[in-house]
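Visitor: Next up is a structure, given as C-alpha cells.
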Amino acid sequence: MEKKVFNVVIVGVGGQGILLTSDILAEAAFEEGYDVKKSEVHGMAQRGGSVISEVRFGEKVYSPLIKKGEADILLSLEKLEALRFIDYLKEGGICIVNDLEIPPLGVNLGQENYPRDIFFRLKSKTSRLIKIEAIKIAEKAGNVK
C-alpha cells in the first residue's frame, strides 16, 4: 500500500512572500519527521509576475513536482493567481484564497480587464473554497507585512 504524500501548491505575485511561506511549510514538515521536497518557479517575480512553489511531504517523497489535479491544498496569496492555478487542485482539495487584487501589467497598461467574477469561477471548480482577508488580519495583528 502506497503511503500518503501531502501536496501543497502556493501561488501569488512576486514580493508577497510565496517562497518564504513554502520554506516555512517545508521546514515545519521536516521538523515533524516527514521527507520533504520543494520546487519553485519565480522567473519574473521581481516584476510582479506569477510565482508558484510546490511543497510535498510524507513518509517518502521522490519528486518535488505536483501534477495538475493532485494538490491537496492550493494556497493563493492573490485571487487572480488562484484562478490561474486552480487546475492543480485535486477533486475534494481545499482552495485557500487571500481576497487581494494585485493587477497584472496588462491591466495596469489598460490592455486587459481584471476579472470581477473570480470567486464565482473558483466555486465552479471546487466546493472547498476558503476566502480570507489577510490584510485585515495583518492590520489587526499590528503589521501588514
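In the C-alpha cells, each chain is lettered A, B, ... as it comes, each chain's residues begin at 1, and ligands are numbered from 1 in order of appearance.
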Based on DSSP run over this structure's backbone, return all residues of chain A in strand (DSSP E), as JSON, numbers by chain.
Guide: {"A": [5, 6, 7, 8, 9, 10, 11, 12, 13, 35, 36, 37, 38, 39, 40, 41, 50, 51, 52, 53, 54, 55, 56, 57, 58, 71, 72, 73, 74, 75, 76, 89, 90, 91, 92, 93, 94, 95, 96, 97, 98, 129, 130, 131, 132]}
Visitor: Fewer than 3 positions away in the same chain doesn't count, so skip those; otherwise give me all residues within 10 Å of segment 37-41 of chain A, counting only C-alpha atoms, as number ranges by chain.
Guide: A: 7-11, 18-19, 22-23, 25-26, 30, 34, 44-45, 50-58, 60-66
Visitor: Write out, as a short mmCIF file (atom, residue, chain, number, x, y, z; two decimals), in the first residue's frame, the residues just selected, with N, CA and C atoms.
Guide:
data_model
loop_
_atom_site.label_atom_id
_atom_site.label_comp_id
_atom_site.auth_asym_id
_atom_site.auth_seq_id
_atom_site.Cartn_x
_atom_site.Cartn_y
_atom_site.Cartn_z
N ASN A 7 0.35 17.19 -0.79
CA ASN A 7 0.79 18.13 -1.82
C ASN A 7 0.17 19.51 -1.61
N VAL A 8 1.03 20.54 -1.52
CA VAL A 8 0.57 21.91 -1.33
C VAL A 8 1.18 22.79 -2.43
N VAL A 9 0.32 23.52 -3.13
CA VAL A 9 0.76 24.49 -4.12
C VAL A 9 0.49 25.88 -3.55
N ILE A 10 1.53 26.71 -3.53
CA ILE A 10 1.42 28.07 -3.01
C ILE A 10 1.70 29.02 -4.17
N VAL A 11 0.76 29.94 -4.42
CA VAL A 11 0.90 30.85 -5.57
C VAL A 11 0.64 32.29 -5.14
N ILE A 18 5.75 34.22 -1.17
CA ILE A 18 5.43 32.84 -1.53
C ILE A 18 6.59 31.91 -1.19
N LEU A 19 7.80 32.32 -1.53
CA LEU A 19 8.96 31.46 -1.27
C LEU A 19 9.22 31.32 0.22
N SER A 22 6.60 28.89 1.57
CA SER A 22 6.91 27.49 1.25
C SER A 22 8.10 26.99 2.07
N ASP A 23 9.08 27.87 2.33
CA ASP A 23 10.22 27.48 3.18
C ASP A 23 9.75 27.13 4.59
N LEU A 25 6.69 26.16 5.54
CA LEU A 25 5.92 24.91 5.50
C LEU A 25 6.86 23.70 5.38
N ALA A 26 7.84 23.79 4.49
CA ALA A 26 8.78 22.68 4.30
C ALA A 26 9.58 22.41 5.58
N PHE A 30 9.48 19.02 7.84
CA PHE A 30 10.74 18.33 8.11
C PHE A 30 10.94 18.13 9.62
N TYR A 34 8.86 14.34 8.49
CA TYR A 34 8.49 13.95 7.13
C TYR A 34 9.64 14.13 6.16
N MET A 44 9.81 35.96 -13.43
CA MET A 44 9.64 37.41 -13.49
C MET A 44 9.07 37.94 -12.18
N ALA A 45 9.33 37.26 -11.10
CA ALA A 45 8.73 37.62 -9.82
C ALA A 45 9.07 39.03 -9.39
N SER A 50 3.88 36.09 -11.81
CA SER A 50 3.41 34.93 -11.06
C SER A 50 4.56 34.17 -10.41
N VAL A 51 4.27 33.67 -9.23
CA VAL A 51 5.21 32.82 -8.51
C VAL A 51 4.44 31.59 -8.06
N ILE A 52 5.04 30.41 -8.26
CA ILE A 52 4.44 29.17 -7.78
C ILE A 52 5.51 28.38 -7.04
N SER A 53 5.12 27.83 -5.90
CA SER A 53 6.00 26.96 -5.14
C SER A 53 5.21 25.71 -4.79
N GLU A 54 5.85 24.58 -4.93
CA GLU A 54 5.22 23.30 -4.65
C GLU A 54 5.95 22.64 -3.48
N VAL A 55 5.20 22.21 -2.48
CA VAL A 55 5.77 21.53 -1.32
C VAL A 55 5.08 20.18 -1.19
N ARG A 56 5.89 19.13 -1.13
CA ARG A 56 5.37 17.77 -0.96
C ARG A 56 6.03 17.16 0.27
N PHE A 57 5.22 16.52 1.11
CA PHE A 57 5.81 15.86 2.26
C PHE A 57 5.03 14.60 2.61
N GLY A 58 5.74 13.64 3.18
CA GLY A 58 5.17 12.36 3.55
C GLY A 58 6.26 11.45 4.04
N LYS A 60 7.83 9.08 2.34
CA LYS A 60 8.88 9.08 1.32
C LYS A 60 8.37 9.84 0.11
N VAL A 61 9.10 10.89 -0.29
CA VAL A 61 8.73 11.72 -1.44
C VAL A 61 9.85 11.60 -2.46
N TYR A 62 9.49 11.29 -3.71
CA TYR A 62 10.50 11.07 -4.73
C TYR A 62 10.71 12.27 -5.66
N SER A 63 9.74 13.14 -5.76
CA SER A 63 9.84 14.28 -6.67
C SER A 63 9.23 15.52 -6.02
N PRO A 64 9.78 16.70 -6.32
CA PRO A 64 9.20 17.92 -5.75
C PRO A 64 8.01 18.45 -6.56
N LEU A 65 7.78 17.91 -7.73
CA LEU A 65 6.76 18.46 -8.62
C LEU A 65 5.38 17.84 -8.38
N ILE A 66 4.37 18.69 -8.45
CA ILE A 66 2.98 18.27 -8.29
C ILE A 66 2.29 18.36 -9.64
#
Visitor: I'd like to know which of A:Ile118, A:Val107, A:Leu100, A:Leu129 is closest to Arg84 of chain A, using only C-alpha atoms.
Guide: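 The closest residue to Arg84 of chain A is A:Ile118.
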Visitor: When you look at Leu122 of chain A with a cut-off of 9 Å (counting only C-alpha atoms), what residues show up, excluding the ones that are within fewer than 4 positions of it in the same chain? I need them as a PDB file with C-alpha atoms, in the first residue's frame.
Guide:
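Result file is part-v9.pdb:
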ATOM      1  CA  ALA A  82      -5.804  31.197  -7.593  1.00  0.00           C
ATOM      2  CA  LEU A  83      -7.765  31.208 -10.830  1.00  0.00           C
ATOM      3  CA  ILE A  86      -6.840  26.115  -9.889  1.00  0.00           C
ATOM      4  CA  CYS A  95      -8.503  26.207  -2.082  1.00  0.00           C
ATOM      5  CA  ASP A 117     -16.087  37.031 -11.096  1.00  0.00           C
ATOM      6  CA  ILE A 118     -13.031  35.225  -9.716  1.00  0.00           C
ATOM      7  CA  THR A 126     -14.182  23.400  -6.003  1.00  0.00           C
ATOM      8  CA  SER A 127     -16.713  23.167  -3.205  1.00  0.00           C
ATOM      9  CA  LEU A 129     -13.113  27.326  -1.071  1.00  0.00           C
TER      10      LEU A 129
END
Visitor: Give me the residues near Leu89 of chain A as a list in words, where near means some atom within 8 Å (using only C-alpha atoms) and where sequence neighbours in that chain fewer than 6 positions away do not count.
Guide: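 Once the adjacent positions are removed, what remains is Lys68, Gly69, Glu70, Ala71, Asp72, Ile73, Leu74 and Cys95 of chain A.
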Visitor: Interatomic distance between atom CA of Gly14 of chain A and atom CA of Lys79 of chain A?
Guide: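 Straight-line distance from atom CA of Gly14 of chain A to atom CA of Lys79 of chain A works out to 13.6 Å.
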Visitor: What does the structure give for the distance between atom CA of Val5 of chain A and atom CA of Ile130 of chain A, in Å to one decimal?
Guide: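 For atom CA of Val5 of chain A relative to atom CA of Ile130 of chain A, the distance reads 22.3 Å.
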Visitor: When you draw a straight line from atom CA of Phe119 of chain A to atom CA of Gly17 of chain A, how long is it in Å?
Guide: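 Straight-line distance from atom CA of Phe119 of chain A to atom CA of Gly17 of chain A works out to 22.3 Å.
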Visitor: Would you please work out which residue, of A:Thr21, A:Gln16, A:Asn113, A:Ser76, is nearest to Ile96 of chain A when using only C-alpha atoms?
Guide: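 Closest to Ile96 of chain A of all the choices is A:Ser76.
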Visitor: Just asking: which residues within chain A are helix (DSSP H, G or I) according to DSSP, as a VMD selection string?
Guide: chain A and resid 18 to 31 45 to 47 79 to 88 105 to 108 118 to 123 134 to 141
Visitor: Could those residues be written to a file, using C-alpha atoms, as a tab-separated table (two decimals), in the first residue's frame?
Guide:
chain	number	residue	atom	x	y	z
A	18	ILE	CA	5.43	32.84	-1.53
A	19	LEU	CA	8.96	31.46	-1.27
A	20	LEU	CA	9.20	32.30	2.43
A	21	THR	CA	5.81	30.67	3.02
A	22	SER	CA	6.91	27.49	1.25
A	23	ASP	CA	10.22	27.48	3.18
A	24	ILE	CA	8.33	27.70	6.49
A	25	LEU	CA	5.92	24.91	5.50
A	26	ALA	CA	8.78	22.68	4.30
A	27	GLU	CA	10.79	23.30	7.48
A	28	ALA	CA	7.77	22.58	9.71
A	29	ALA	CA	7.07	19.31	7.87
A	30	PHE	CA	10.74	18.33	8.11
A	31	GLU	CA	10.80	19.11	11.85
A	45	ALA	CA	8.73	37.62	-9.82
A	46	GLN	CA	10.68	40.80	-9.18
A	47	ARG	CA	8.49	42.49	-11.80
A	79	LYS	CA	-7.03	35.93	-6.02
A	80	LEU	CA	-6.29	36.04	-9.78
A	81	GLU	CA	-3.37	33.68	-9.18
A	82	ALA	CA	-5.80	31.20	-7.59
A	83	LEU	CA	-7.76	31.21	-10.83
A	84	ARG	CA	-4.59	30.74	-12.91
A	85	PHE	CA	-3.50	27.70	-10.91
A	86	ILE	CA	-6.84	26.12	-9.89
A	87	ASP	CA	-6.17	23.16	-12.21
A	88	TYR	CA	-3.53	21.95	-9.76
A	105	LEU	CA	0.91	44.53	-16.07
A	106	GLY	CA	-1.68	44.14	-18.86
A	107	VAL	CA	-4.39	45.52	-16.58
A	108	ASN	CA	-2.18	48.41	-15.47
A	118	ILE	CA	-13.03	35.23	-9.72
A	119	PHE	CA	-14.72	33.70	-6.66
A	120	PHE	CA	-17.72	32.60	-8.74
A	121	ARG	CA	-15.34	30.87	-11.16
A	122	LEU	CA	-13.35	29.28	-8.33
A	123	LYS	CA	-16.56	27.98	-6.74
A	134	ALA	CA	-5.25	38.61	5.12
A	135	ILE	CA	-4.59	42.36	5.01
A	136	LYS	CA	-7.31	42.99	7.61
A	137	ILE	CA	-5.97	40.18	9.78
A	138	ALA	CA	-2.42	41.57	9.49
A	139	GLU	CA	-3.61	45.09	10.32
A	140	LYS	CA	-5.28	43.78	13.49
A	141	ALA	CA	-2.04	42.00	14.35
Visitor: Select, from A:Lys125, A:Asn143, A:Pro115, A:Phe6, the residue with the minimum atom-to-atom distance to Asp35 of chain A, counting only C-alpha atoms.
Guide: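 Of A:Lys125, A:Asn143, A:Pro115, A:Phe6, the one nearest Asp35 of chain A, counting only C-alpha atoms, is A:Phe6.
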